[in-house]
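**Student:** Encoded as structure tokens, here's the structure I'll be asking about.
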Amino acid sequence: MSSEATAAGAAEHAHDDHGHGHHGPKWLAHHFDTPAQQFDAAKLGMWVFLAQELLFFSGLFVAYGVYRSWYPEMFFAASHQLDKIMGGTNTIVLLFSSFTAAMAVRSSQLGKQKATGNYLLITILCACGFLVIKYFEYTHKFHAGLLPGRFFHPHVEHLVAGAPALPPNTGSFFGIYFMMTGIHGVHVIIGIGILIWIWLRNNRGEFSKEYFTPVDIAALYWHLVDLVWIYLFPLLYLV
Amino acid sequence: MATADTHHAHKDDGAVHAHISSTGFYVAVFMALIALTILTVGQSYVDLGRLNLVVVILIATTKASLVVSFFMHLRYDNKFNALIFVSCIFFIGVFFAYTLNDTERRGELDQDQNVKVLPSTGENAPGGFAPQEAAAAGAGGAHPGGGEHPETPGKQGESLPAPKGH
């Protein structure tokens with residue numbers, strides 16, 4: 001490349017240097033021909049990543065399936081110790097945040113910077129709300145001794161009254177519960193980080209009707225977090 | 001800006017022409033998701049026995065399809081992205097099928113006899129370690145001259161009682 005440039009005349013050299021600039025807008029990476037190509041490539045990459053995320057979570061779901069079919073009574077008894085109302089509220093909070101994330105993308109597609117920022121902010125607040133509710137649920141489990149594996153030492157006075165008795169191996173249910181909701185919670189925290197970053201970039205006016213890809217991609221990630229919870233909630237809380 | 005031209009424009013001008021759904025449509029999808037959540041919580045108070053799991057998964061899958069198709073725009077997206085997603089779901093199915101095909105057919109240890117039995121029928125489970133006595137009896141059967149063990153493998157299999165309470 002440099003030898004070619006030296007061989008070429010000075011005028012052409014200068015022209016080549018600015019070559020990246022004139023073939024498209026600033027946000028268009030020089031290895032893409034068109035904005036559409038860049039957009040499609042970003043989407044393709046994100047969908048491959050999301051497929052990987054689903055396969056990653058599927059390991060936990062398979063563990064759930066195996067243990068559930070081995071110990072159905074234990075799963076039935078243990079799920080009565082989970083709070084349906086808190087879990088249901090969290091489901092609605094997360095669905096609403098998914099809705100606002102979709103609205104943020106829509107606003108961005110229409111070039112409405114302020115609305116995009118507001119929708120992103122609501123999404124972030126909902127995500128934090130989800131974690132707060134999760135915190136109360138976890139604290140209750142710690143108090144009641146509903147912990148994974150050998151740490152499982154239930155305190156009868158803290159358990160749900162009238163629920164079926166917990167068999168001694170219930171620790172394996174809570175192992176699965178904490179693993180699934182915990183890894184999901186890590187995704188929520190990462191999602192909050194990503195959404196804050198996108199919110200800041202939106203405030204700087206980096207996005208437009210022509211270039212909203214980062215908003216779209218971040219929202220896809222957030223929808224995935226919602227998607228996993230859509231299965232986690234009924235399988236753990238409702239059985 | 002004529003909407004009729006956008007399809008042709010997509011191929012020509014190289015600009016991004018993503019589908020933009022209306023606010024009303026997103027609200028409708030959200031409402032459907034909330035309705036399905038209320039439905040699944042309500043259903044949990046009614047015991048449908050073995051159907052519980054089926055109903056729960058059906059409702060969750062309906063919700064997931066709404067999110068994937070409309071919030072994640074897969075309905076209007078490049079078909080190749082949909083192919084990636086569908087093949088991912090397919091391989092999750094393979095993962096479940098092969099794992100459960102193993103774990104559902106494993107024998108359980110019958111404490112009284114110290115042998116692995118199939119929980120459903122009470123017969124000796126195939127594979128794994130043969131119980132000590134049966135292995136020795138099997139060796140005896142191969143050499144008719146041995147004859148030190150009074151029980152043949154066939155007899156022993158018949159004498160196994162079906163386990164209770166599995």
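Following the order of the structure tokens, chains are lettered A, B, ..., residues in each are numbered from 1, and ligands are numbered from 1.
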What residues in chain B lie within 7 Å of chain A, counting only C-alpha atoms, written as a list in words?

**Tutor:** Gly14, Ala15, Val16, Ile20, Tyr26, Phe30, Ile34, Ser44, Leu53, Val56, Ala60, Ala64, Phe71, Met72, Asn81, Ile84, Phe85, Cys88, Ile92, Phe96, Leu100 and Thr103 of chain B

**Student:** Take the residues from that selection and write them out as a compact mmCIF listing (two decimals), in the first residue's frame, keeping N, CA and C atoms.

**Tutor:**
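Contents of the output file result-v9.txt:
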# COMPACT_ATOMS: atom_id res chain seq x y z
N GLY B 14 -28.04 2.04 -1.39
CA GLY B 14 -27.13 1.56 -0.35
C GLY B 14 -27.44 2.08 1.04
N ALA B 15 -28.51 2.85 1.19
CA ALA B 15 -28.87 3.36 2.52
C ALA B 15 -29.66 2.30 3.28
N VAL B 16 -29.71 2.45 4.62
CA VAL B 16 -30.43 1.50 5.45
C VAL B 16 -31.93 1.80 5.37
N ILE B 20 -40.10 0.20 10.04
CA ILE B 20 -40.43 0.94 11.26
C ILE B 20 -41.88 0.65 11.63
N TYR B 26 -46.56 -1.48 18.64
CA TYR B 26 -45.70 -1.90 19.76
C TYR B 26 -46.52 -1.98 21.05
N PHE B 30 -47.07 -5.28 23.37
CA PHE B 30 -46.79 -5.23 24.81
C PHE B 30 -48.01 -5.69 25.61
N ILE B 34 -48.43 -8.80 28.26
CA ILE B 34 -48.92 -8.69 29.64
C ILE B 34 -50.09 -9.65 29.85
N SER B 44 -51.35 -21.11 36.92
CA SER B 44 -50.57 -21.83 37.92
C SER B 44 -51.40 -22.16 39.16
N LEU B 53 -46.94 -28.42 32.51
CA LEU B 53 -45.68 -28.06 31.86
C LEU B 53 -45.91 -27.68 30.40
N VAL B 56 -47.52 -24.23 30.22
CA VAL B 56 -46.53 -23.21 30.59
C VAL B 56 -45.57 -22.93 29.42
N ALA B 60 -45.18 -19.51 27.18
CA ALA B 60 -43.87 -18.85 27.14
C ALA B 60 -43.37 -18.74 25.70
N ALA B 64 -42.39 -15.50 23.63
CA ALA B 64 -41.05 -15.38 23.03
C ALA B 64 -41.16 -15.06 21.54
N PHE B 71 -40.48 -7.11 18.50
CA PHE B 71 -39.53 -6.24 19.20
C PHE B 71 -38.13 -6.38 18.60
N MET B 72 -37.79 -7.61 18.22
CA MET B 72 -36.45 -7.83 17.66
C MET B 72 -36.45 -7.77 16.13
N ASN B 81 -30.77 -14.03 9.05
CA ASN B 81 -30.75 -13.92 10.51
C ASN B 81 -31.79 -14.85 11.13
N ILE B 84 -30.39 -18.32 11.21
CA ILE B 84 -29.47 -18.51 12.33
C ILE B 84 -30.26 -18.80 13.60
N PHE B 85 -31.30 -18.00 13.82
CA PHE B 85 -32.09 -18.16 15.04
C PHE B 85 -32.78 -19.53 15.06
N CYS B 88 -30.44 -22.35 15.69
CA CYS B 88 -30.05 -22.33 17.09
C CYS B 88 -31.09 -23.08 17.94
N ILE B 92 -30.74 -26.56 20.16
CA ILE B 92 -31.15 -26.66 21.57
C ILE B 92 -32.05 -27.90 21.72
N PHE B 96 -31.45 -31.15 24.14
CA PHE B 96 -32.44 -31.70 25.07
C PHE B 96 -32.71 -33.17 24.76
N LEU B 100 -31.77 -36.05 27.49
CA LEU B 100 -32.87 -36.68 28.21
C LEU B 100 -33.02 -38.15 27.80
N THR B 103 -30.55 -39.61 30.29
CA THR B 103 -30.87 -39.52 31.72
C THR B 103 -32.21 -40.16 32.06

**Student:** Might you pull out every residue within 12 Å of Val160 (chain A), with only C-alpha atoms counted and same-chain residues fewer than 5 positions away left off, and present them as a ChimeraX atom specification?

**Tutor:** /A:77-84,140-141,144,146,154-155,165-166

**Student:** Given only C-alpha atoms as the basis, pick out the residue of A:Val225, A:Leu236, A:Ala161, A:Met74 nearest to Val68 (chain B).

**Tutor:** A:Val225

**Student:** As a ChimeraX atom specification, please: the residues near region 117-128 of chain A (cut-off 9 Å, only C-alpha atoms, same-chain neighbours under 4 positions excluded).

**Tutor:** /A:93-94,96-105,107-108,112-113,132-133,188-189,191-193,195-196,198-200,202-203

**Student:** Please save N, CA and C atoms of the selected residues as a compact mmCIF listing (two decimals), in the first residue's frame.

**Tutor:**
# COMPACT_ATOMS: atom_id res chain seq x y z
N VAL A 93 -42.11 -5.85 34.65
CA VAL A 93 -41.09 -4.80 34.58
C VAL A 93 -40.18 -5.04 33.38
N LEU A 94 -39.76 -6.30 33.22
CA LEU A 94 -38.84 -6.63 32.13
C LEU A 94 -39.52 -6.52 30.76
N PHE A 96 -41.97 -4.55 30.07
CA PHE A 96 -42.14 -3.11 29.80
C PHE A 96 -40.82 -2.52 29.32
N SER A 97 -39.71 -2.94 29.93
CA SER A 97 -38.40 -2.40 29.51
C SER A 97 -38.08 -2.83 28.09
N SER A 98 -38.55 -4.03 27.72
CA SER A 98 -38.34 -4.50 26.35
C SER A 98 -39.15 -3.62 25.38
N PHE A 99 -40.35 -3.27 25.80
CA PHE A 99 -41.20 -2.40 25.00
C PHE A 99 -40.54 -1.03 24.81
N THR A 100 -40.01 -0.45 25.92
CA THR A 100 -39.38 0.86 25.80
C THR A 100 -38.09 0.78 24.97
N ALA A 101 -37.40 -0.37 25.05
CA ALA A 101 -36.20 -0.53 24.22
C ALA A 101 -36.59 -0.54 22.74
N ALA A 102 -37.69 -1.23 22.42
CA ALA A 102 -38.17 -1.24 21.03
C ALA A 102 -38.57 0.16 20.60
N MET A 103 -39.18 0.92 21.53
CA MET A 103 -39.58 2.31 21.22
C MET A 103 -38.35 3.20 21.03
N ALA A 104 -37.28 2.91 21.79
CA ALA A 104 -36.04 3.69 21.63
C ALA A 104 -35.49 3.49 20.22
N VAL A 105 -35.53 2.25 19.74
CA VAL A 105 -35.04 1.97 18.39
C VAL A 105 -35.91 2.70 17.37
N SER A 107 -37.69 5.42 17.79
CA SER A 107 -37.41 6.86 17.83
C SER A 107 -36.11 7.17 17.11
N SER A 108 -35.14 6.30 17.32
CA SER A 108 -33.85 6.51 16.67
C SER A 108 -33.97 6.38 15.16
N LYS A 112 -35.43 10.90 16.14
CA LYS A 112 -35.85 11.70 17.30
C LYS A 112 -34.88 11.45 18.45
N GLN A 113 -33.88 12.29 18.57
CA GLN A 113 -32.82 12.07 19.54
C GLN A 113 -33.33 12.13 20.98
N VAL A 132 -33.53 -4.59 41.91
CA VAL A 132 -33.94 -4.30 43.30
C VAL A 132 -34.89 -5.40 43.80
N ILE A 133 -35.88 -5.75 42.95
CA ILE A 133 -36.82 -6.81 43.34
C ILE A 133 -36.08 -8.13 43.54
N VAL A 188 -28.39 -8.86 33.05
CA VAL A 188 -29.12 -7.60 33.28
C VAL A 188 -28.12 -6.49 33.59
N ILE A 189 -27.13 -6.79 34.45
CA ILE A 189 -26.14 -5.78 34.82
C ILE A 189 -25.33 -5.35 33.59
N GLY A 191 -26.34 -5.51 30.56
CA GLY A 191 -27.29 -4.77 29.73
C GLY A 191 -27.41 -3.32 30.18
N ILE A 192 -27.44 -3.10 31.51
CA ILE A 192 -27.53 -1.72 32.03
C ILE A 192 -26.31 -0.93 31.57
N GLY A 193 -25.14 -1.55 31.67
CA GLY A 193 -23.90 -0.88 31.23
C GLY A 193 -23.98 -0.49 29.76
N LEU A 195 -26.66 -0.11 27.88
CA LEU A 195 -27.71 0.89 27.62
C LEU A 195 -27.25 2.28 28.06
N ILE A 196 -26.50 2.36 29.18
CA ILE A 196 -25.98 3.66 29.62
C ILE A 196 -25.01 4.22 28.56
N ILE A 198 -24.95 3.55 25.37
CA ILE A 198 -25.70 3.98 24.18
C ILE A 198 -26.44 5.29 24.47
N TRP A 199 -26.93 5.43 25.70
CA TRP A 199 -27.63 6.66 26.09
C TRP A 199 -26.68 7.86 26.00
N LEU A 200 -25.44 7.66 26.50
CA LEU A 200 -24.45 8.74 26.44
C LEU A 200 -24.13 9.10 24.99
N ASN A 202 -26.01 8.67 22.43
CA ASN A 202 -27.18 9.33 21.86
C ASN A 202 -27.21 10.80 22.27
N ASN A 203 -26.84 11.05 23.56
CA ASN A 203 -26.80 12.45 24.03
C ASN A 203 -25.79 13.27 23.25
